[in-house]
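Structure, as structure tokens:
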Amino acid sequence: MKLEALPTPCAVVDRARLEKNCARMQAIAARHGVRLRPHLKTSKSIDVANLAMGAERCATVSTLEEAAYFAERGILDLTYAVGITEDKLERVLEIERASGARIGVLTDDAATARAIARSGDVRAKRAIGGRASPAREARIWIEIDSGQHRGGVGAESDALLEIARALEPIGVAGVLTHAGHSYAARGAGEIARIAEEERSAAVRAAERIRAAGIACPEVSVGSTPTALHAKSLEGVTELRPGVYVFGDLFQAAIGACANDDIAFSVVASVIGAREDCAWIDAGALALTQDRSMDGLGGAYGEVTALDRSSLRGAPRVDRLNQVHGRVVATSQERLELAVGTKVRVTPNHACLTAAMFDRYYVEEDGEIVAEWPRLRG
Ligand code: PLP
């Protein structure tokens, strides 16, 4: 099928670019001698996951629906990298029992750590048929705040050791941090500085736990910008980047990918042609209202021809209703967009935009060669 024949709006993935992005991150992990545990929240697709993972088939997820989806499809080593609450543990175990997967969970809360430890022995045994020694089954990670200030305890905090002590009877899997503040950085140098903050906070936290006599085998770090620009990952055991598989305008603007690395886009139809603008059938429900490009001179997406060639007026989407997107010129030239024309929109944020769709159309040299379903939970 040609791109022109796609039903719109729809999500399109460029296979060659995707494969290149995946190979690049695998090479980075190999160069640093660390495991790659890609975050699958961006694509929520087993087909993308299979390209992203290295020889070690392990991954990171952001919901338990993702955990179940990927476990059922044979990814048996997963980390659910969002703070756990005690009531979710039963569902974690259910997924483990049904699939044979092992799902690491994350906490930064001493009370939760104590509650998990109280029930941990029983749970570990039930999960694998009564044979496990709890320490060997350690799959509770401690979340470290390396500067994003969203989740995690400080590497120097008392809370770190309090949590580690609470988990000691069932074992600590490791420490995990995500330098989300790298998204505020601009350019390779600044990102590299944040990557070092991320690394040193996580390694320091692991060292303090070990110095207290508690095993802490793993040190997990990662965001796309820091994974790409880290100079050293000494002391780190794994990397968890996510959005790199697709890339987007935001990643390109901060220097975490090039424009022609972007593998994900939305195909839309022009549904209204006016004097000073055009309307497409991709509104907030297709492009999301992500405003990450606000400070970067952008709007909701860049509009090109399907073959990615520039259109007259260098158009962008500047306004969204639920299903309508307004396209305006950014140069002096007038738009030339007739109703029925199909266009490609490169979005600000691939993770959120992809979440609006239930499948990817896979593009190779302007042809659609496959349809990959994706999870929406
Ligand atoms: N790890 C955690 C805990 C995350 O929350 C995220 C993204 O939100 C990632 C890894 C991946 O980061 P990125 O999408 O920048 O690659």
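To be explicit about the labels: the chains of the structure tokens are called A, B, and onward in the order shown, and within each one the residues are counted from 1, while ligands get numbers from 1 in the order they are shown.
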
*Could you pull out all residues of stretch 138-279 of chain A with a DSSP call of strand (DSSP E or B) and give them as an MDAnalysis selection string?*
chainID A and resid 140:144 153 174:176 218:221 238:239 264:273 278:279

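Excluding A:Glu65 itself and any same-chain residue fewer than 2 positions from it, the protein and nucleic acid residues within 12 Å of it, counting only C-alpha atoms, are A:Leu40, A:Lys41, A:Lys44, A:Val61, A:Ser62, A:Thr63, A:Ala67, A:Ala68, A:Tyr69, A:Phe70, A:Ala71, A:Glu72, A:Tyr80, A:Lys88, A:Arg91, A:Val92, A:Glu94, A:Ile95, A:Arg374, A:Leu375, A:Arg376, A:Gly377.
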
_Just want the residues within 10 Å of ligand 1, written as a VMD selection string, counting only C-alpha atoms and all ligand atoms._
chain A and resid 37 to 42 60 to 62 79 to 83 106 143 150 to 151 176 to 183 220 to 228 239 to 247 251 256 349 to 351

*asked:* as an MDAnalysis selection string, please: the residues near A:Val339 (cut-off 9 Å, only C-alpha atoms, same-chain neighbours under 2 positions excluded).
replied: chainID A and resid 269:273 278:280 337 341:342

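Residues within 8 Å of stretch 248-250 of chain A, counting only C-alpha atoms and excluding same-chain residues fewer than 4 positions away, are A:Ile254, A:Cys257, A:Asn259, A:Ile262, A:Ala263, A:Phe264, A:Ser292, A:Met293, A:Gly301, A:Thr346, A:Pro347, A:Asn348, A:His349, A:Ala350.
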
With all heavy atoms retained, could you export that selection as an mmCIF file, in the first residue's frame?
```cif
data_model
loop_
_atom_site.group_PDB
_atom_site.id
_atom_site.type_symbol
_atom_site.label_atom_id
_atom_site.label_comp_id
_atom_site.auth_asym_id
_atom_site.auth_seq_id
_atom_site.Cartn_x
_atom_site.Cartn_y
_atom_site.Cartn_z
ATOM 1 N N ILE A 254 16.692 19.450 21.437
ATOM 2 C CA ILE A 254 17.661 19.516 22.549
ATOM 3 C C ILE A 254 18.982 18.828 22.191
ATOM 4 O O ILE A 254 19.889 18.768 23.008
ATOM 5 C CB ILE A 254 17.094 18.952 23.879
ATOM 6 C CG1 ILE A 254 16.845 17.445 23.804
ATOM 7 C CG2 ILE A 254 15.853 19.716 24.314
ATOM 8 C CD1 ILE A 254 16.539 16.820 25.161
ATOM 9 N N CYS A 257 18.696 13.838 19.035
ATOM 10 C CA CYS A 257 18.638 13.097 17.771
ATOM 11 C C CYS A 257 18.679 14.137 16.651
ATOM 12 O O CYS A 257 18.535 15.335 16.902
ATOM 13 C CB CYS A 257 17.384 12.217 17.659
ATOM 14 S SG CYS A 257 15.824 13.089 17.430
ATOM 15 N N ASN A 259 17.036 15.534 12.938
ATOM 16 C CA ASN A 259 15.688 15.505 12.340
ATOM 17 C C ASN A 259 15.477 14.263 11.499
ATOM 18 O O ASN A 259 14.400 13.683 11.505
ATOM 19 C CB ASN A 259 15.465 16.751 11.485
ATOM 20 C CG ASN A 259 14.835 17.850 12.319
ATOM 21 O OD1 ASN A 259 13.987 17.589 13.164
ATOM 22 N ND2 ASN A 259 15.270 19.069 12.102
ATOM 23 N N ILE A 262 14.181 10.870 13.038
ATOM 24 C CA ILE A 262 12.815 10.731 13.589
ATOM 25 C C ILE A 262 12.044 9.683 12.785
ATOM 26 O O ILE A 262 11.811 9.834 11.588
ATOM 27 C CB ILE A 262 12.081 12.085 13.618
ATOM 28 C CG1 ILE A 262 12.862 13.083 14.490
ATOM 29 C CG2 ILE A 262 10.643 11.908 14.132
ATOM 30 C CD1 ILE A 262 12.304 14.495 14.518
ATOM 31 N N ALA A 263 11.669 8.612 13.469
ATOM 32 C CA ALA A 263 11.079 7.449 12.792
ATOM 33 C C ALA A 263 9.557 7.422 12.882
ATOM 34 O O ALA A 263 8.924 6.569 12.277
ATOM 35 C CB ALA A 263 11.641 6.168 13.420
ATOM 36 N N PHE A 264 8.989 8.341 13.670
ATOM 37 C CA PHE A 264 7.555 8.287 13.949
ATOM 38 C C PHE A 264 6.876 9.550 13.422
ATOM 39 O O PHE A 264 7.381 10.656 13.624
ATOM 40 C CB PHE A 264 7.341 8.189 15.463
ATOM 41 C CG PHE A 264 5.902 8.269 15.866
ATOM 42 C CD1 PHE A 264 5.073 7.165 15.743
ATOM 43 C CD2 PHE A 264 5.363 9.449 16.340
ATOM 44 C CE1 PHE A 264 3.727 7.238 16.091
ATOM 45 C CE2 PHE A 264 4.026 9.533 16.697
ATOM 46 C CZ PHE A 264 3.209 8.423 16.565
ATOM 47 N N SER A 292 5.722 20.735 24.739
ATOM 48 C CA SER A 292 7.152 20.720 25.070
ATOM 49 C C SER A 292 7.978 21.627 24.162
ATOM 50 O O SER A 292 9.090 21.989 24.514
ATOM 51 C CB SER A 292 7.692 19.288 25.005
ATOM 52 O OG SER A 292 7.371 18.691 23.773
ATOM 53 N N MET A 293 7.427 21.997 23.002
ATOM 54 C CA MET A 293 8.214 22.845 22.094
ATOM 55 C C MET A 293 8.003 24.333 22.352
ATOM 56 O O MET A 293 8.559 25.157 21.621
ATOM 57 C CB MET A 293 7.846 22.522 20.642
ATOM 58 C CG MET A 293 8.218 21.125 20.206
ATOM 59 S SD MET A 293 9.987 20.832 20.256
ATOM 60 C CE MET A 293 10.505 21.797 18.843
ATOM 61 N N GLY A 301 3.505 20.515 15.828
ATOM 62 C CA GLY A 301 4.076 19.560 14.888
ATOM 63 C C GLY A 301 4.437 20.266 13.594
ATOM 64 O O GLY A 301 3.901 21.330 13.275
ATOM 65 N N THR A 346 5.184 15.705 11.820
ATOM 66 C CA THR A 346 6.184 15.216 12.774
ATOM 67 C C THR A 346 5.858 15.836 14.122
ATOM 68 O O THR A 346 5.803 17.063 14.241
ATOM 69 C CB THR A 346 7.606 15.599 12.320
ATOM 70 O OG1 THR A 346 7.792 15.092 11.000
ATOM 71 C CG2 THR A 346 8.656 14.997 13.237
ATOM 72 N N PRO A 347 5.573 15.003 15.131
ATOM 73 C CA PRO A 347 5.063 15.547 16.391
ATOM 74 C C PRO A 347 6.159 15.989 17.361
ATOM 75 O O PRO A 347 7.319 15.627 17.223
ATOM 76 C CB PRO A 347 4.294 14.363 16.972
ATOM 77 C CG PRO A 347 5.017 13.167 16.463
ATOM 78 C CD PRO A 347 5.618 13.539 15.127
ATOM 79 N N ASN A 348 5.716 16.719 18.383
ATOM 80 C CA ASN A 348 6.634 17.168 19.434
ATOM 81 C C ASN A 348 7.141 16.006 20.266
ATOM 82 O O ASN A 348 8.306 15.916 20.582
ATOM 83 C CB ASN A 348 5.906 18.107 20.415
ATOM 84 C CG ASN A 348 5.609 19.438 19.788
ATOM 85 O OD1 ASN A 348 6.133 19.766 18.733
ATOM 86 N ND2 ASN A 348 4.746 20.210 20.434
ATOM 87 N N HIS A 349 6.224 15.144 20.688
ATOM 88 C CA HIS A 349 6.566 14.137 21.683
ATOM 89 C C HIS A 349 6.009 12.794 21.223
ATOM 90 O O HIS A 349 4.801 12.572 21.238
ATOM 91 C CB HIS A 349 5.966 14.544 23.041
ATOM 92 C CG HIS A 349 6.437 13.694 24.169
ATOM 93 N ND1 HIS A 349 6.200 13.973 25.486
ATOM 94 C CD2 HIS A 349 7.142 12.547 24.172
ATOM 95 C CE1 HIS A 349 6.734 13.037 26.245
ATOM 96 N NE2 HIS A 349 7.305 12.157 25.465
ATOM 97 N N ALA A 350 6.924 11.911 20.818
ATOM 98 C CA ALA A 350 6.498 10.639 20.214
ATOM 99 C C ALA A 350 5.741 9.748 21.200
ATOM 100 O O ALA A 350 4.771 9.091 20.814
ATOM 101 C CB ALA A 350 7.721 9.897 19.674
#
```

*Could you name the residues that touch A:Gly325 at 8 Å or less, counting only C-alpha atoms, but leaving out those on the same chain fewer than 5 positions away, as a list in words?*
Trp279, Ile280, Asp281, Ala282, Gly283, Ala284, Val317, Asp318, Arg319 and Leu320 of chain A

Selection from above, N, CA, C and O atoms, as a short mmCIF file (atom, residue, chain, number, x, y, z; two decimals), in the first residue's frame, can you write it?
```cif
data_model
loop_
_atom_site.label_atom_id
_atom_site.label_comp_id
_atom_site.auth_asym_id
_atom_site.auth_seq_id
_atom_site.Cartn_x
_atom_site.Cartn_y
_atom_site.Cartn_z
N TRP A 279 -6.89 23.29 7.53
CA TRP A 279 -7.24 22.43 8.66
C TRP A 279 -6.99 20.98 8.28
O TRP A 279 -7.27 20.58 7.15
N ILE A 280 -6.44 20.23 9.23
CA ILE A 280 -6.24 18.79 8.98
C ILE A 280 -7.05 17.98 9.98
O ILE A 280 -7.53 18.53 10.99
N ASP A 281 -7.19 16.68 9.68
CA ASP A 281 -8.01 15.83 10.55
C ASP A 281 -7.19 15.23 11.70
O ASP A 281 -7.52 14.17 12.21
N ALA A 282 -6.11 15.89 12.07
CA ALA A 282 -5.33 15.47 13.24
C ALA A 282 -5.39 16.60 14.27
O ALA A 282 -4.71 17.62 14.14
N GLY A 283 -6.25 16.41 15.27
CA GLY A 283 -6.38 17.38 16.35
C GLY A 283 -5.70 16.86 17.60
O GLY A 283 -4.75 16.06 17.53
N ALA A 284 -6.22 17.29 18.75
CA ALA A 284 -5.59 16.90 20.02
C ALA A 284 -5.64 15.39 20.24
O ALA A 284 -4.76 14.82 20.88
N VAL A 317 1.52 23.00 12.70
CA VAL A 317 0.20 22.94 13.35
C VAL A 317 0.26 23.87 14.55
O VAL A 317 1.08 23.66 15.45
N ASP A 318 -0.57 24.92 14.57
CA ASP A 318 -0.46 25.88 15.66
C ASP A 318 -1.66 25.87 16.60
O ASP A 318 -1.64 26.54 17.63
N ARG A 319 -2.74 25.16 16.23
CA ARG A 319 -3.91 25.16 17.10
C ARG A 319 -4.61 23.82 16.98
O ARG A 319 -4.65 23.24 15.89
N LEU A 320 -5.15 23.36 18.08
CA LEU A 320 -5.80 22.06 18.07
C LEU A 320 -7.18 22.14 18.67
O LEU A 320 -7.37 22.75 19.72
#
```
